[in-house]
Structures are given as C-alpha cells and as structure tokens.
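Asker: Starting off with a structure, shown below.
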Amino acid sequence: MKLNIESRKDLIRIVEDLKADDISETVDKRILEFESLYKKGNKEWFNELCFCLLTANSSARLGIDIQNYMKKNDGFLTYDQKELSTVLKQMGHRFYEKRAEFIILARNNAADIRDRITSMENEFTAREWIVKNIKGIGYKESSHFLRNVGYKHLAILDKHILRILSNSGLIEVPKTLTRKKYYNIEQVFNSIAEEADLTPAELDLYLWYTQTGEVLK
C-alpha cells in the first residue's frame with residue numbers, strides 16, 4: 001500500500017484522511033502500548049533497546065519475532081554472545097554476529113537504563129546519551145527506542161520517512177545523515193506533525209502505514 005505523495009499538501013491531506021479512518025484506532029492503541037511501557041522497569045526497557053538494536057538495517061517484523069522468542073527465557077540478558085549469535089542466525093538476521101556483540105555490550109546499562117533516561121532533562125538529551133554510550137545505535141534507532149518507551153517528540157528518520165519527505169519536495173535525502181542534518185530534517189518532520197495536529201510519534205505511525213500497510217512499532 002504505497003500512496004503517491006508528491007507535495008506537502010498531499011502529505012497533510014493523506015494524513016487527515018487516515019486520521020478519520022479506522023486506522024486511527026490502531027495508531028491510538030499502539031501509542032497507548034508505548035505509554036504503558038514507559039511505566040515498566042529497567043528489564044522491559046532493556047528488552048526494547050535490544051529490539052531496536054536488531055532493527056537497524058533489518059526489519060521491524062524480524063526484530064519483533066526475535067524479541068518474542070527472547071522474552072521466553074530472558075535471552076537478551078542471559079545468553080552469552082555465542083548463544084545470541086546462534087539464535088539470531090537461525091532466525092534469519094543478516095548481521096547476527098555484530099548484533100550479538102552489541103547486545104552484550106549494551107548489558108552494561110541494562111540494570112538502570114530506565115532510571116538513567118527518565119532522570120534526564122528531556123528526550124533530546126536522552127537521545128544524545130544513547131548515541132554516545134550504546135554501541136550500534138545511532139540517531140534513528142535511538143529515536144525509535146525512545147518512541148517505543150513512551151516519548152513522543154522525536155522523528156524516526158528511516159528510509160520510508162525520508163522518501164516521503166523527499167517526494168513531497170520538503171528535503172533532499174542526504175548521502176550521510178549527520179547529527180546536524182538529522183536535526184534539520186527532524187524540524188521539517190515535526191512541523192508536519194504540528195500542522196496535522198499530531199505528535200511526531202503519531203505521525204510516524206501514520207506515514208509508516210502509507211508505505212507498508214502496517215502499524216508495527
């Protein structure tokens with residue numbers, strides 16, 4: 001379900017149409033799930049961080065499948081690197097060795113990941129800390145993680161979102177998404193959200209739906 005979005009006007013119109021459609025119930029439900037996860041503990045937050053580590057250069061669907069498998073026995077916390085790598089390979093992750101390494105390294109922050117982040121000034125400060133301290137996660141996936149644990153004002157600039165903004169004539173897709181370019185494009189994205197009377201977290205789900213026909217996380 002890829003809709004033709006060729007201008008800012010098209011983009012706003014399509015989002016407004018989706019807000020009036022049944023898909024809005026699914027989006028609202030997903031936002032409530034994120035808000036619920038915000039109230040949970042360090043263990044649940046670390047589990048979501050590992051999900052986001054897995055989705056980089058992969059798919060949300062595969063990340064969800066692996067996350068659900070790991071929840072059965074706390075694998076993100078208990079498996080050694082070889083065991084993690086084996087499971088990721090068996091489940092079809094392309095970068096099974098590197099992602100296993102990143103998860104092991106991230107465990108250094110597992111015990112207090114929620115406590116540390118919720119004590120920070122805001123989600124932008126939290127994102128900077130994640131990018132600096134969690135190996136294997138950049139601005140896109142740190143924004144993804146923070147959105148999934150209940151924060152609402154960060155843009156997740158994946159290929160779908162960048163393509164939509166580019167096709168709408170709002171940006172040129174950069175060859176390299178530096179920190180400065182990420183923040184500049186995020187301002188454009190957030191201005192669209194404001195015009196559509198949505199949070200950036202909600203807008204992301206609506207736009208993702210226009211490209212994939214799904215509302216995942």
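Chain labels A, B, ... are given in the sequence in which chains occur in the structure tokens; within each chain residues are numbered consecutively from 1, and ligands are likewise numbered from 1 in the order shown.
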Find the residues near range 172-175 of chain A: any atom within 12 Å, counting only C-alpha atoms, skip ones fewer than 5 places away on the same chain, and give them as a ChimeraX atom specification.

Answerer: /A:157-167,180-182,184-185,188

Asker: Grab the residues selected above and save them as a compact mmCIF listing (two decimals), in the first residue's frame with N, CA, C and O atoms.

Answerer:
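Wrote it out as part_1.txt, contents follow:
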```txt
# COMPACT_ATOMS: atom_id res chain seq x y z
N LEU A 157 13.86 8.84 11.44
CA LEU A 157 14.11 9.12 10.03
C LEU A 157 14.65 7.89 9.31
O LEU A 157 15.81 7.82 8.93
N ASP A 158 13.76 6.92 9.10
CA ASP A 158 14.15 5.74 8.34
C ASP A 158 13.93 6.00 6.85
O ASP A 158 13.52 7.10 6.45
N LYS A 159 14.19 5.00 6.03
CA LYS A 159 14.13 5.19 4.59
C LYS A 159 12.73 5.56 4.11
O LYS A 159 12.56 6.33 3.15
N HIS A 160 11.69 5.02 4.77
CA HIS A 160 10.32 5.33 4.37
C HIS A 160 10.00 6.80 4.61
O HIS A 160 9.45 7.48 3.73
N ILE A 161 10.36 7.28 5.78
CA ILE A 161 10.06 8.68 6.12
C ILE A 161 10.87 9.64 5.26
O ILE A 161 10.35 10.63 4.75
N LEU A 162 12.15 9.34 5.06
CA LEU A 162 12.98 10.19 4.21
C LEU A 162 12.45 10.24 2.78
O LEU A 162 12.43 11.30 2.14
N ARG A 163 11.99 9.10 2.29
CA ARG A 163 11.46 9.06 0.92
C ARG A 163 10.18 9.91 0.81
O ARG A 163 10.00 10.65 -0.17
N ILE A 164 9.32 9.81 1.79
CA ILE A 164 8.08 10.61 1.78
C ILE A 164 8.40 12.10 1.79
O ILE A 164 7.85 12.88 1.01
N LEU A 165 9.30 12.51 2.67
CA LEU A 165 9.66 13.93 2.76
C LEU A 165 10.32 14.41 1.48
O LEU A 165 10.10 15.55 1.03
N SER A 166 11.12 13.54 0.88
CA SER A 166 11.78 13.90 -0.37
C SER A 166 10.77 14.01 -1.51
O SER A 166 10.78 14.99 -2.28
N ASN A 167 9.88 13.04 -1.63
CA ASN A 167 8.87 13.07 -2.69
C ASN A 167 7.92 14.25 -2.53
O ASN A 167 7.35 14.73 -3.53
N LYS A 180 23.81 17.07 12.47
CA LYS A 180 23.21 18.34 12.06
C LYS A 180 22.09 18.13 11.05
O LYS A 180 21.00 18.72 11.17
N LYS A 181 22.33 17.26 10.07
CA LYS A 181 21.30 17.00 9.06
C LYS A 181 20.10 16.30 9.67
O LYS A 181 18.95 16.56 9.28
N TYR A 182 20.36 15.40 10.62
CA TYR A 182 19.26 14.71 11.28
C TYR A 182 18.36 15.73 11.98
O TYR A 182 17.13 15.70 11.82
N ASN A 184 18.04 18.93 11.40
CA ASN A 184 17.38 19.80 10.44
C ASN A 184 16.16 19.13 9.82
O ASN A 184 15.09 19.74 9.69
N ILE A 185 16.31 17.86 9.42
CA ILE A 185 15.19 17.14 8.82
C ILE A 185 14.12 16.86 9.88
O ILE A 185 12.91 16.90 9.59
N VAL A 188 11.72 19.65 10.08
CA VAL A 188 10.74 19.60 8.99
C VAL A 188 9.64 18.60 9.34
O VAL A 188 8.43 18.89 9.21
```

Asker: For the interface of range 99-217 of chain A with range 74-91 of chain A (cut-off 9 Å, counting only C-alpha atoms), please tabulate each contacting residue of range 99-217 of chain A alongside its nearest pair of atoms and their separation in Å to one decimal, rows sorted by chain and increasing number, as CSV.

Answerer:
```
residue,atom,partner,partner_atom,distance
A:Arg99,CA,A:Ser85,CA,7.6
A:Ala100,CA,A:Ser85,CA,5.2
A:Glu101,CA,A:Gln81,CA,6.3
A:Ile103,CA,A:Phe76,CA,7.0
A:Ile104,CA,A:Gln81,CA,6.5
A:Arg107,CA,A:Leu77,CA,7.1
A:Ala110,CA,A:Leu77,CA,8.2
```

Asker: DSSP says helix (DSSP H, G or I) for which residues of range 100-181 of chain A? Put them as an NGL selection string?

Answerer: :A and (100-118 or 123-133 or 139-148 or 159-167 or 179-181)

Asker: In Å to one decimal, how far is CA of Val149 in chain A from CA of Ile23 in chain A?

Answerer: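 Straight-line distance from CA of Ile23 in chain A to CA of Val149 in chain A works out to 21.3 Å.
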
Asker: Excluding same-chain residues fewer than 4 positions from Asn133 in chain A, what lies within 9 Å of it counting only C-alpha atoms, as a count of residues only?

Answerer: 5

Asker: Do a neighbour search on Ser59 in chain A at 12 Å with only C-alpha atoms, toss out local chain neighbours closer than 6 positions, and write the hits as an NGL selection string.

Answerer: :A and (51-53 or 65-66 or 92-95 or 141 or 158-159 or 212 or 216-217)

Asker: So that I have them on file, write out the residues from the current selection with N, CA and C atoms, as an mmCIF file, in the first residue's frame.

Answerer:
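again_4.cif was written with the following content:
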```
data_model
loop_
_atom_site.group_PDB
_atom_site.id
_atom_site.type_symbol
_atom_site.label_atom_id
_atom_site.label_comp_id
_atom_site.auth_asym_id
_atom_site.auth_seq_id
_atom_site.Cartn_x
_atom_site.Cartn_y
_atom_site.Cartn_z
ATOM 1 N N PHE A 51 15.563 -4.816 20.951
ATOM 2 C CA PHE A 51 14.738 -4.853 19.740
ATOM 3 C C PHE A 51 15.210 -3.806 18.741
ATOM 4 N N CYS A 52 15.466 -2.595 19.220
ATOM 5 C CA CYS A 52 15.884 -1.520 18.321
ATOM 6 C C CYS A 52 17.302 -1.738 17.787
ATOM 7 N N LEU A 53 18.154 -2.348 18.577
ATOM 8 C CA LEU A 53 19.476 -2.725 18.071
ATOM 9 C C LEU A 53 19.347 -3.706 16.910
ATOM 10 N N ASP A 65 9.860 -10.752 16.028
ATOM 11 C CA ASP A 65 9.920 -12.215 16.159
ATOM 12 C C ASP A 65 11.043 -12.637 17.105
ATOM 13 N N ILE A 66 12.208 -12.020 16.943
ATOM 14 C CA ILE A 66 13.344 -12.357 17.807
ATOM 15 C C ILE A 66 13.073 -11.909 19.240
ATOM 16 N N GLY A 92 17.291 -15.801 11.078
ATOM 17 C CA GLY A 92 17.411 -15.118 9.794
ATOM 18 C C GLY A 92 17.949 -13.711 9.812
ATOM 19 N N HIS A 93 18.596 -13.311 10.920
ATOM 20 C CA HIS A 93 19.177 -11.962 10.944
ATOM 21 C C HIS A 93 20.495 -11.960 10.179
ATOM 22 N N ARG A 94 20.654 -10.992 9.278
ATOM 23 C CA ARG A 94 21.839 -10.935 8.426
ATOM 24 C C ARG A 94 23.111 -10.661 9.219
ATOM 25 N N PHE A 95 22.997 -9.833 10.255
ATOM 26 C CA PHE A 95 24.176 -9.368 10.986
ATOM 27 C C PHE A 95 24.209 -9.993 12.378
ATOM 28 N N GLU A 141 17.739 4.884 15.366
ATOM 29 C CA GLU A 141 17.284 3.826 16.257
ATOM 30 C C GLU A 141 17.170 4.264 17.709
ATOM 31 N N ASP A 158 13.761 6.918 9.097
ATOM 32 C CA ASP A 158 14.146 5.735 8.337
ATOM 33 C C ASP A 158 13.927 5.998 6.846
ATOM 34 N N LYS A 159 14.195 4.996 6.035
ATOM 35 C CA LYS A 159 14.134 5.194 4.587
ATOM 36 C C LYS A 159 12.730 5.558 4.110
ATOM 37 N N THR A 212 3.774 0.781 4.134
ATOM 38 C CA THR A 212 3.859 -0.655 4.425
ATOM 39 C C THR A 212 2.511 -1.337 4.612
ATOM 40 N N LEU A 216 3.302 -1.202 13.070
ATOM 41 C CA LEU A 216 4.034 -2.085 13.982
ATOM 42 C C LEU A 216 4.559 -1.254 15.149
ATOM 43 N N LYS A 217 5.868 -1.199 15.278
ATOM 44 C CA LYS A 217 6.431 -0.366 16.347
ATOM 45 C C LYS A 217 7.865 -0.006 15.983
#
```

Asker: Could you jot down the CA of Lys152 in chain A to CA of Leu205 in chain A separation for me, Å, one decimal place?

Answerer: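 The value is 11.4 Å.
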
Asker: Restricting the calculation to only C-alpha atoms, which member of A:Tyr209, A:Glu202, A:Asn190, A:Lys140 is positioned closest to Leu177 in chain A?

Answerer: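 Of A:Tyr209, A:Glu202, A:Asn190, A:Lys140, the one nearest Leu177 in chain A is A:Lys140, counting only C-alpha atoms.
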
Asker: Write out as number ranges by chain the residues lying within 12 Å of Thr118 in chain A, counting only C-alpha atoms and excluding same-chain residues fewer than 5 positions away.

Answerer: A: 38-42, 45, 112-113, 123-127, 129, 146, 149-151

Asker: Determine the nearest neighbour of Ser168 in chain A from the options A:Phe189, A:Ser24, A:Arg61, A:Ala196, counting only C-alpha atoms.

Answerer: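 Using only C-alpha atoms, the shortest distance to Ser168 in chain A belongs to A:Phe189.
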
Asker: Separation of CA of Leu154 in chain A and CA of Glu186 in chain A, in Å?

Answerer: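 Separation of CA of Leu154 in chain A and CA of Glu186 in chain A: 7.4 Å.
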